[in-house]
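Reproduced below: final.txt, with compact mmCIF, C-alpha atoms.
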```
# COMPACT_ATOMS: atom_id res chain seq x y z
CA MET A 1 104.46 142.69 150.52
CA PRO A 2 101.36 144.66 149.43
CA LEU A 3 100.25 143.97 145.88
CA HIS A 4 98.25 146.16 143.50
CA LEU A 5 95.52 145.09 141.11
CA SER A 6 95.14 146.26 137.52
CA PRO A 7 92.69 149.03 136.61
CA SER A 8 89.18 147.74 135.98
CA PHE A 9 87.36 147.68 132.65
CA ARG A 10 85.25 150.55 134.00
CA GLU A 11 88.40 152.63 134.44
CA HIS A 12 89.70 151.75 130.99
CA LEU A 13 86.38 152.79 129.43
CA ALA A 14 86.40 156.07 131.32
CA ALA A 15 89.97 156.86 130.26
CA SER A 16 89.62 156.04 126.57
CA ASP A 17 88.92 158.64 123.90
CA ARG A 18 87.87 155.97 121.38
CA PRO A 19 85.83 152.76 121.36
CA LEU A 20 87.64 149.82 122.94
CA ILE A 21 88.00 146.89 120.55
CA GLY A 22 88.05 143.32 121.78
CA MET A 23 87.48 139.68 120.92
CA TRP A 24 86.16 136.47 122.45
CA ALA A 25 88.23 133.65 123.91
CA CYS A 26 86.06 130.54 123.63
CA SER A 27 88.48 127.70 122.90
CA GLY A 28 89.36 127.00 126.52
CA SER A 29 93.03 126.95 125.49
CA SER A 30 95.42 129.09 127.50
CA ILE A 31 97.82 129.07 124.53
CA VAL A 32 95.21 130.45 122.13
CA THR A 33 94.17 133.03 124.70
CA GLU A 34 97.78 134.07 125.27
CA VAL A 35 98.26 134.50 121.53
CA ALA A 36 95.19 136.76 121.46
CA ALA A 37 96.36 138.64 124.55
CA GLY A 38 99.46 139.85 122.71
CA SER A 39 97.50 141.02 119.66
CA GLY A 40 97.27 144.70 120.55
CA LEU A 41 93.51 144.58 121.12
CA ASP A 42 92.07 146.47 124.08
CA TRP A 43 90.07 143.74 125.82
CA LEU A 44 89.54 140.02 125.77
CA LEU A 45 86.28 138.29 126.67
CA ILE A 46 86.81 134.87 128.28
CA ASP A 47 83.47 133.13 127.82
CA MET A 48 82.00 130.61 130.25
CA GLU A 49 78.45 130.63 128.84
CA HIS A 50 78.82 129.16 125.35
CA SER A 51 82.16 127.39 125.60
CA ALA A 52 83.95 124.55 127.35
CA ASN A 53 85.61 126.94 129.79
CA THR A 54 85.61 125.75 133.39
CA LEU A 55 86.76 127.43 136.58
CA GLU A 56 90.18 125.85 136.09
CA SER A 57 90.61 126.87 132.45
CA THR A 58 89.36 130.38 133.19
CA LEU A 59 91.85 130.72 136.04
CA LEU A 60 94.72 129.63 133.80
CA GLN A 61 93.70 132.11 131.11
CA LEU A 62 93.49 134.95 133.62
CA GLN A 63 96.99 134.07 134.77
CA VAL A 64 98.52 134.06 131.28
CA VAL A 65 96.69 137.21 130.20
CA ALA A 66 98.03 139.08 133.24
CA ALA A 67 101.42 139.37 131.54
CA TYR A 68 99.97 141.41 128.64
CA PRO A 69 98.59 144.95 128.21
CA ILE A 70 95.00 143.85 127.60
CA THR A 71 91.96 143.89 129.88
CA PRO A 72 90.37 140.49 130.52
CA VAL A 73 86.60 140.32 130.99
CA VAL A 74 84.91 137.07 132.00
CA ARG A 75 81.35 136.25 130.99
CA VAL A 76 79.90 134.04 133.69
CA PRO A 77 77.57 131.22 132.62
CA SER A 78 74.50 132.77 134.23
CA ASN A 79 73.25 135.37 136.68
CA ASP A 80 73.96 133.05 139.58
CA THR A 81 75.31 134.19 142.94
CA VAL A 82 77.56 131.17 143.43
CA ALA A 83 78.97 131.26 139.90
CA ILE A 84 79.71 134.98 140.21
CA LYS A 85 81.38 134.49 143.60
CA GLN A 86 83.60 131.72 142.28
CA VAL A 87 84.71 133.65 139.22
CA LEU A 88 85.46 136.75 141.27
CA ASP A 89 87.51 134.66 143.68
CA LEU A 90 89.54 133.36 140.74
CA GLY A 91 90.74 136.93 140.36
CA ALA A 92 88.45 138.07 137.56
CA GLN A 93 88.04 141.80 138.08
CA ASN A 94 85.62 142.38 135.22
CA LEU A 95 82.43 140.41 134.69
CA ILE A 96 79.75 140.24 132.04
CA VAL A 97 76.48 138.74 133.23
CA PRO A 98 74.32 137.42 130.38
CA MET A 99 70.56 137.59 129.85
CA VAL A 100 69.75 140.54 132.10
CA SER A 101 66.23 141.58 131.13
CA SER A 102 65.00 143.62 134.10
CA ALA A 103 66.14 145.98 136.82
CA GLU A 104 65.51 143.22 139.36
CA GLU A 105 67.92 140.91 137.54
CA ALA A 106 70.49 143.72 137.33
CA ARG A 107 70.20 144.33 141.08
CA ALA A 108 70.75 140.61 141.71
CA ALA A 109 73.94 140.71 139.62
CA VAL A 110 75.23 143.76 141.47
CA SER A 111 74.44 142.16 144.83
CA ALA A 112 76.39 139.04 143.88
CA THR A 113 79.51 141.14 143.24
CA ARG A 114 79.37 143.12 146.51
CA TYR A 115 80.24 142.12 150.04
CA PRO A 116 77.69 142.70 152.82
CA PRO A 117 76.03 144.95 153.70
CA GLU A 118 75.81 146.17 150.06
CA GLY A 119 75.48 142.65 148.67
CA VAL A 120 75.68 138.93 149.29
CA ARG A 121 79.15 137.97 148.03
CA GLY A 122 80.74 135.36 150.27
CA VAL A 123 83.94 136.40 152.04
CA GLY A 124 86.89 134.21 151.10
CA SER A 125 89.63 136.69 150.23
CA ALA A 126 92.21 134.98 152.43
CA LEU A 127 91.77 131.83 150.33
CA ALA A 128 91.47 133.37 146.90
CA ARG A 129 93.45 134.90 144.06
CA SER A 130 91.04 137.86 143.99
CA ALA A 131 92.85 139.51 146.93
CA ARG A 132 96.09 137.72 146.14
CA TRP A 133 95.58 135.76 149.34
CA ASN A 134 95.15 138.94 151.40
CA ARG A 135 98.20 140.62 149.91
CA VAL A 136 96.11 143.44 148.42
CA ASP A 137 95.70 146.01 151.18
CA GLY A 138 92.08 146.86 151.93
CA TYR A 139 90.65 144.45 149.37
CA LEU A 140 87.47 143.79 151.35
CA ARG A 141 86.91 147.51 151.80
CA ASP A 142 87.77 148.45 148.22
CA SER A 143 86.58 145.40 146.27
CA ALA A 144 83.86 147.36 144.44
CA ARG A 145 86.54 149.73 143.16
CA HIS A 146 88.65 146.85 141.91
CA THR A 147 85.82 145.16 139.99
CA SER A 148 83.48 146.12 137.18
CA LEU A 149 80.09 144.73 136.21
CA THR A 150 78.72 144.74 132.68
CA VAL A 151 75.21 143.40 132.16
CA GLN A 152 74.19 141.93 128.84
CA ILE A 153 70.89 142.90 127.26
CA GLU A 154 69.84 140.32 124.68
CA THR A 155 66.04 140.00 124.81
CA VAL A 156 63.07 142.13 123.80
CA ALA A 157 62.22 142.51 127.48
CA GLY A 158 65.74 143.77 128.15
CA VAL A 159 65.49 146.33 125.37
CA GLU A 160 62.22 147.62 126.78
CA ALA A 161 63.69 147.80 130.30
CA ALA A 162 67.05 149.28 129.28
CA SER A 163 66.49 152.59 131.06
CA GLU A 164 65.55 150.83 134.29
CA ILE A 165 68.46 148.38 134.02
CA VAL A 166 71.09 151.06 133.51
CA ALA A 167 69.67 153.07 136.43
CA VAL A 168 70.66 150.30 138.86
CA GLU A 169 73.58 151.47 140.97
CA GLY A 170 76.57 149.22 140.39
CA VAL A 171 75.92 148.56 136.70
CA ASP A 172 79.10 149.90 135.10
CA ALA A 173 78.34 149.13 131.46
CA VAL A 174 75.80 147.46 129.19
CA PHE A 175 76.71 144.98 126.44
CA VAL A 176 74.13 144.22 123.76
CA GLY A 177 73.99 140.74 122.24
CA PRO A 178 72.37 140.84 118.78
CA SER A 179 72.41 137.03 118.37
CA ASP A 180 70.04 136.20 121.21
CA LEU A 181 68.21 139.47 120.68
CA SER A 182 67.42 138.50 117.09
CA ALA A 183 66.10 135.15 118.33
CA SER A 184 63.98 136.90 120.95
CA MET A 185 62.51 139.03 118.16
CA GLY A 186 61.62 136.00 116.01
CA LEU A 187 64.53 136.71 113.64
CA LEU A 188 66.86 133.86 114.59
CA GLY A 189 70.28 134.20 112.95
CA GLN A 190 69.51 137.62 111.46
CA GLN A 191 71.72 139.80 113.65
CA THR A 192 71.93 142.57 111.05
CA HIS A 193 68.21 142.67 110.26
CA PRO A 194 67.06 146.31 110.31
CA ASP A 195 64.66 145.63 113.20
CA VAL A 196 67.46 144.07 115.26
CA VAL A 197 69.79 146.96 114.51
CA ALA A 198 67.04 149.39 115.52
CA ALA A 199 66.58 147.53 118.82
CA VAL A 200 70.33 147.65 119.50
CA GLU A 201 70.39 151.37 118.81
CA GLN A 202 67.37 151.82 121.09
CA VAL A 203 69.47 150.34 123.91
CA PHE A 204 72.38 152.59 122.91
CA ALA A 205 70.18 155.65 123.28
CA ALA A 206 68.81 154.61 126.68
CA VAL A 207 72.20 153.74 128.10
CA ALA A 208 73.94 156.80 126.67
CA ALA A 209 71.26 159.01 128.19
CA ALA A 210 72.26 157.66 131.60
CA GLY A 211 75.93 158.43 130.93
CA THR A 212 76.91 154.76 131.05
CA PRO A 213 79.20 153.01 128.53
CA VAL A 214 77.46 150.72 126.07
CA GLY A 215 78.95 148.02 123.87
CA VAL A 216 77.88 145.42 121.34
CA ASN A 217 78.92 142.16 119.78
CA ALA A 218 79.53 142.57 116.03
CA PHE A 219 81.63 140.08 114.08
CA ASP A 220 80.55 141.61 110.77
CA PRO A 221 83.08 144.45 110.15
CA SER A 222 80.44 146.62 108.47
CA ALA A 223 78.11 146.19 111.44
CA ALA A 224 80.96 146.94 113.84
CA ASP A 225 81.77 150.14 111.96
CA ALA A 226 78.11 151.16 111.96
CA TYR A 227 77.71 150.52 115.67
CA THR A 228 80.88 152.46 116.41
CA ALA A 229 79.49 155.37 114.43
CA ALA A 230 76.23 155.02 116.38
CA GLY A 231 78.07 155.54 119.66
CA ALA A 232 79.33 152.16 120.86
CA ASP A 233 81.97 152.58 123.56
CA PHE A 234 83.28 149.03 123.19
CA VAL A 235 82.84 146.36 120.53
CA ALA A 236 83.71 142.67 120.32
CA VAL A 237 84.70 142.09 116.70
CA GLY A 238 85.71 138.42 116.57
CA ALA A 239 86.22 135.14 118.38
CA ASP A 240 89.15 132.76 118.45
CA VAL A 241 87.16 129.70 117.37
CA ALA A 242 85.29 131.58 114.62
CA MET A 243 88.53 133.02 113.27
CA LEU A 244 90.13 129.56 113.21
CA ALA A 245 87.07 128.08 111.50
CA ARG A 246 87.04 130.68 108.74
CA ALA A 247 90.82 130.64 108.26
CA SER A 248 90.96 126.83 108.01
CA GLU A 249 88.07 126.89 105.53
CA ALA A 250 89.97 129.44 103.47
CA LEU A 251 92.99 127.11 103.38
CA ALA A 252 90.80 124.25 102.18
CA ALA A 253 89.21 126.44 99.52
CA ARG A 254 92.61 127.68 98.36
CA PHE A 255 94.44 124.37 98.10
CA ILE A 256 91.80 121.66 97.53
CA PRO A 257 90.06 121.50 94.14
CA ALA A 258 86.36 122.26 94.39
CA SER A 259 85.55 118.98 92.62
CA ASP A 260 87.37 116.95 95.26
CA ASP A 261 84.83 116.38 97.99
CA THR A 262 86.50 113.33 99.54
CA THR A 263 87.70 115.34 102.52
CA ARG A 264 84.44 117.20 102.91
CA ALA A 265 82.19 114.48 104.19
CA SER A 266 79.19 115.45 106.24
CA TYR A 267 79.46 114.95 109.96
```
Would you put the structure from the file into structure tokens?
Amino acid sequence: MPLHLSPSFREHLAASDRPLIGMWACSGSSIVTEVAAGSGLDWLLIDMEHSANTLESTLLQLQVVAAYPITPVVRVPSNDTVAIKQVLDLGAQNLIVPMVSSAEEARAAVSATRYPPEGVRGVGSALARSARWNRVDGYLRDSARHTSLTVQIETVAGVEAASEIVAVEGVDAVFVGPSDLSASMGLLGQQTHPDVVAAVEQVFAAVAAAGTPVGVNAFDPSAADAYTAAGADFVAVGADVAMLARASEALAARFIPASDDTTRASY
């Protein structure tokens, strides 16, 4: 029986008349990710770069998220052809590739997502969830339509090359990472520093001029609002582990006297 895949993140961005709001899934827990998937948010970023997520845990999260009206996006650990191939074969339709700082690196990411002759993706659709084990008619022919590629700009070099990066055919969106960008600028940990904000907005302008969607990571609600006003098409506004950390700290602050430091030993 022929099966049909969900619309890609590219298609959701094109169809939306407002910025798409999402969050990170970093815990590696399919239960936590499923809770987030039913939240009403637009998209969910399953992270393999700065988390304990493996191929197996990512697969399980893609499977549980499939039951909910939310678009999963997987950030691969690096701009690596093998890693990209494996994550695509898990059935991830939407990828974010981190640390793309040049047009050459963007072309490499695109090539890794495309079958020959347009790219170098290995052919294993009969063995993989991506094509539902060859139950998706024409998957090899139409795979580029079923997938989307977002490249992440998070260095000074990437900001300077933004126009060239977004001009690469096959780049569907650009996601700006202020955390690494601030470090690249010598402002480690200062994601909302005016110079960092200006660099993010410089990328916004370059990407918008090309007619390509642009997004940003912004856990600070005020920063998220400002970036939305500045033209962000999609924003990641929180992360499961960060939300749990802050909420558990709030419980401790609410119920444990400030003078009682016996449970607050340094680790």
Would you tabulate, counting all atoms listed in the file, all residues of stretch 224-262 of chain A that have an atom at most 12 Å from an atom of stretch 193-199 of chain A, showing the closest pair of atoms and their distance in Å to one decimal, sorted by chain then ascending number, as a Markdown table?
```
| residue | atom | partner | partner_atom | distance |
| --- | --- | --- | --- | --- |
| A:Ala224 | CA | A:Val197 | CA | 11.2 |
| A:Ala226 | CA | A:Val197 | CA | 9.7 |
| A:Tyr227 | CA | A:Val197 | CA | 8.8 |
| A:Ala230 | CA | A:Val197 | CA | 10.5 |
```
I want to know what sits within 7 Å of A:Phe234, based on only C-alpha atoms, with residues of the same chain fewer than 3 positions away left out; could you give that as a PyMOL selection string? chain A and resi 19-21+214-216
Quick one: which stretch 175-243 of chain A residues come within 12 Å of stretch 92-98 of chain A, and what is the nearest atom pair for each with the distance in Å to one decimal, counting all atoms listed in the file, rows ordered by chain and ascending number, as a Markdown table?
```
| residue | atom | partner | partner_atom | distance |
| --- | --- | --- | --- | --- |
| A:Phe175 | CA | A:Ile96 | CA | 7.9 |
| A:Val176 | CA | A:Pro98 | CA | 9.5 |
| A:Gly177 | CA | A:Pro98 | CA | 8.8 |
| A:Asp180 | CA | A:Pro98 | CA | 10.2 |
| A:Leu181 | CA | A:Pro98 | CA | 11.6 |
| A:Gly215 | CA | A:Ile96 | CA | 11.3 |
```
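The closest residue to A:Val241, picked from A:Ser29, A:Thr81, A:Ser6, A:Thr113 and counting all atoms listed in the file, is A:Ser29.
Taking atom CA of A:Ala206 and atom CA of A:Ala239 as the two end points, the separation is 27.4 Å.
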Would you work out the distance separating atom CA of A:Val207 from atom CA of A:Ala144, expressed in Å to one decimal? 21.1 Å
So how far away is atom CA of A:Cys26 from atom CA of A:Gly189, in Å? 19.4 Å
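Considering only C-alpha atoms, the residue among A:Ala229, A:Leu5, A:Val166, A:Leu62 positioned nearest to A:Val100 is A:Val166.
Among the candidates A:Thr33, A:Ser143, A:Ser16, A:Asn134, the residue lying nearest to A:Leu60 is A:Thr33 (atoms considered: all atoms listed in the file).
Using all atoms listed in the file, the shortest contact distance between A:Val82 and any of A:Ala126, A:Leu59, A:Leu13, A:Ala108 is found at A:Ala108.
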Of the candidates A:Gly238, A:Gly170, A:Gly186, A:Gly91, which one gets nearest to A:Ala112 if we count only C-alpha atoms? A:Gly170
Write out as a PDB file with C-alpha atoms, keeping the file's coordinate frame which residues come within 9 Å of A:Glu164 when counting only C-alpha atoms, dropping same-chain ones fewer than 3 positions away.
```pdb
ATOM      1  CA  SER A 102      65.000 143.620 134.100  1.00  0.00           C
ATOM      2  CA  ALA A 103      66.140 145.980 136.820  1.00  0.00           C
ATOM      3  CA  GLU A 160      62.220 147.620 126.780  1.00  0.00           C
ATOM      4  CA  ALA A 161      63.690 147.800 130.300  1.00  0.00           C
ATOM      5  CA  ALA A 167      69.670 153.070 136.430  1.00  0.00           C
ATOM      6  CA  VAL A 168      70.660 150.300 138.860  1.00  0.00           C
TER       7      VAL A 168
END
```
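Among the candidates A:Val235, A:Val87, A:Ala162, A:Val151, the one nearest to A:Trp24 when counting only C-alpha atoms is A:Val235.
By only C-alpha atoms, and with residues fewer than 4 positions from A:Glu34 along its chain excluded, the set lying at most 10 Å from it is Ala25, Ser29, Ser30, Gly38, Ser39, Gln61, Leu62, Gln63, Val64, Val65, Ala66, Ala67 and Tyr68 of chain A.
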Near A:Val123, within 12 Å and counting all atoms listed in the file, which residues show up once chain neighbours fewer than 4 positions away are dropped, as a PDB file with C-alpha atoms, in the frame of the given file?
```pdb
ATOM      1  CA  VAL A  82      77.560 131.170 143.430  1.00  0.00           C
ATOM      2  CA  LYS A  85      81.380 134.490 143.600  1.00  0.00           C
ATOM      3  CA  GLN A  86      83.600 131.720 142.280  1.00  0.00           C
ATOM      4  CA  LEU A  88      85.460 136.750 141.270  1.00  0.00           C
ATOM      5  CA  ASP A  89      87.510 134.660 143.680  1.00  0.00           C
ATOM      6  CA  ALA A 112      76.390 139.040 143.880  1.00  0.00           C
ATOM      7  CA  THR A 113      79.510 141.140 143.240  1.00  0.00           C
ATOM      8  CA  ARG A 114      79.370 143.120 146.510  1.00  0.00           C
ATOM      9  CA  TYR A 115      80.240 142.120 150.040  1.00  0.00           C
ATOM     10  CA  PRO A 116      77.690 142.700 152.820  1.00  0.00           C
ATOM     11  CA  PRO A 117      76.030 144.950 153.700  1.00  0.00           C
ATOM     12  CA  GLY A 119      75.480 142.650 148.670  1.00  0.00           C
ATOM     13  CA  LEU A 127      91.770 131.830 150.330  1.00  0.00           C
ATOM     14  CA  ALA A 128      91.470 133.370 146.900  1.00  0.00           C
ATOM     15  CA  SER A 130      91.040 137.860 143.990  1.00  0.00           C
ATOM     16  CA  ALA A 131      92.850 139.510 146.930  1.00  0.00           C
ATOM     17  CA  TRP A 133      95.580 135.760 149.340  1.00  0.00           C
ATOM     18  CA  ASN A 134      95.150 138.940 151.400  1.00  0.00           C
ATOM     19  CA  TYR A 139      90.650 144.450 149.370  1.00  0.00           C
ATOM     20  CA  LEU A 140      87.470 143.790 151.350  1.00  0.00           C
ATOM     21  CA  ARG A 141      86.910 147.510 151.800  1.00  0.00           C
ATOM     22  CA  SER A 143      86.580 145.400 146.270  1.00  0.00           C
TER      23      SER A 143
END
```
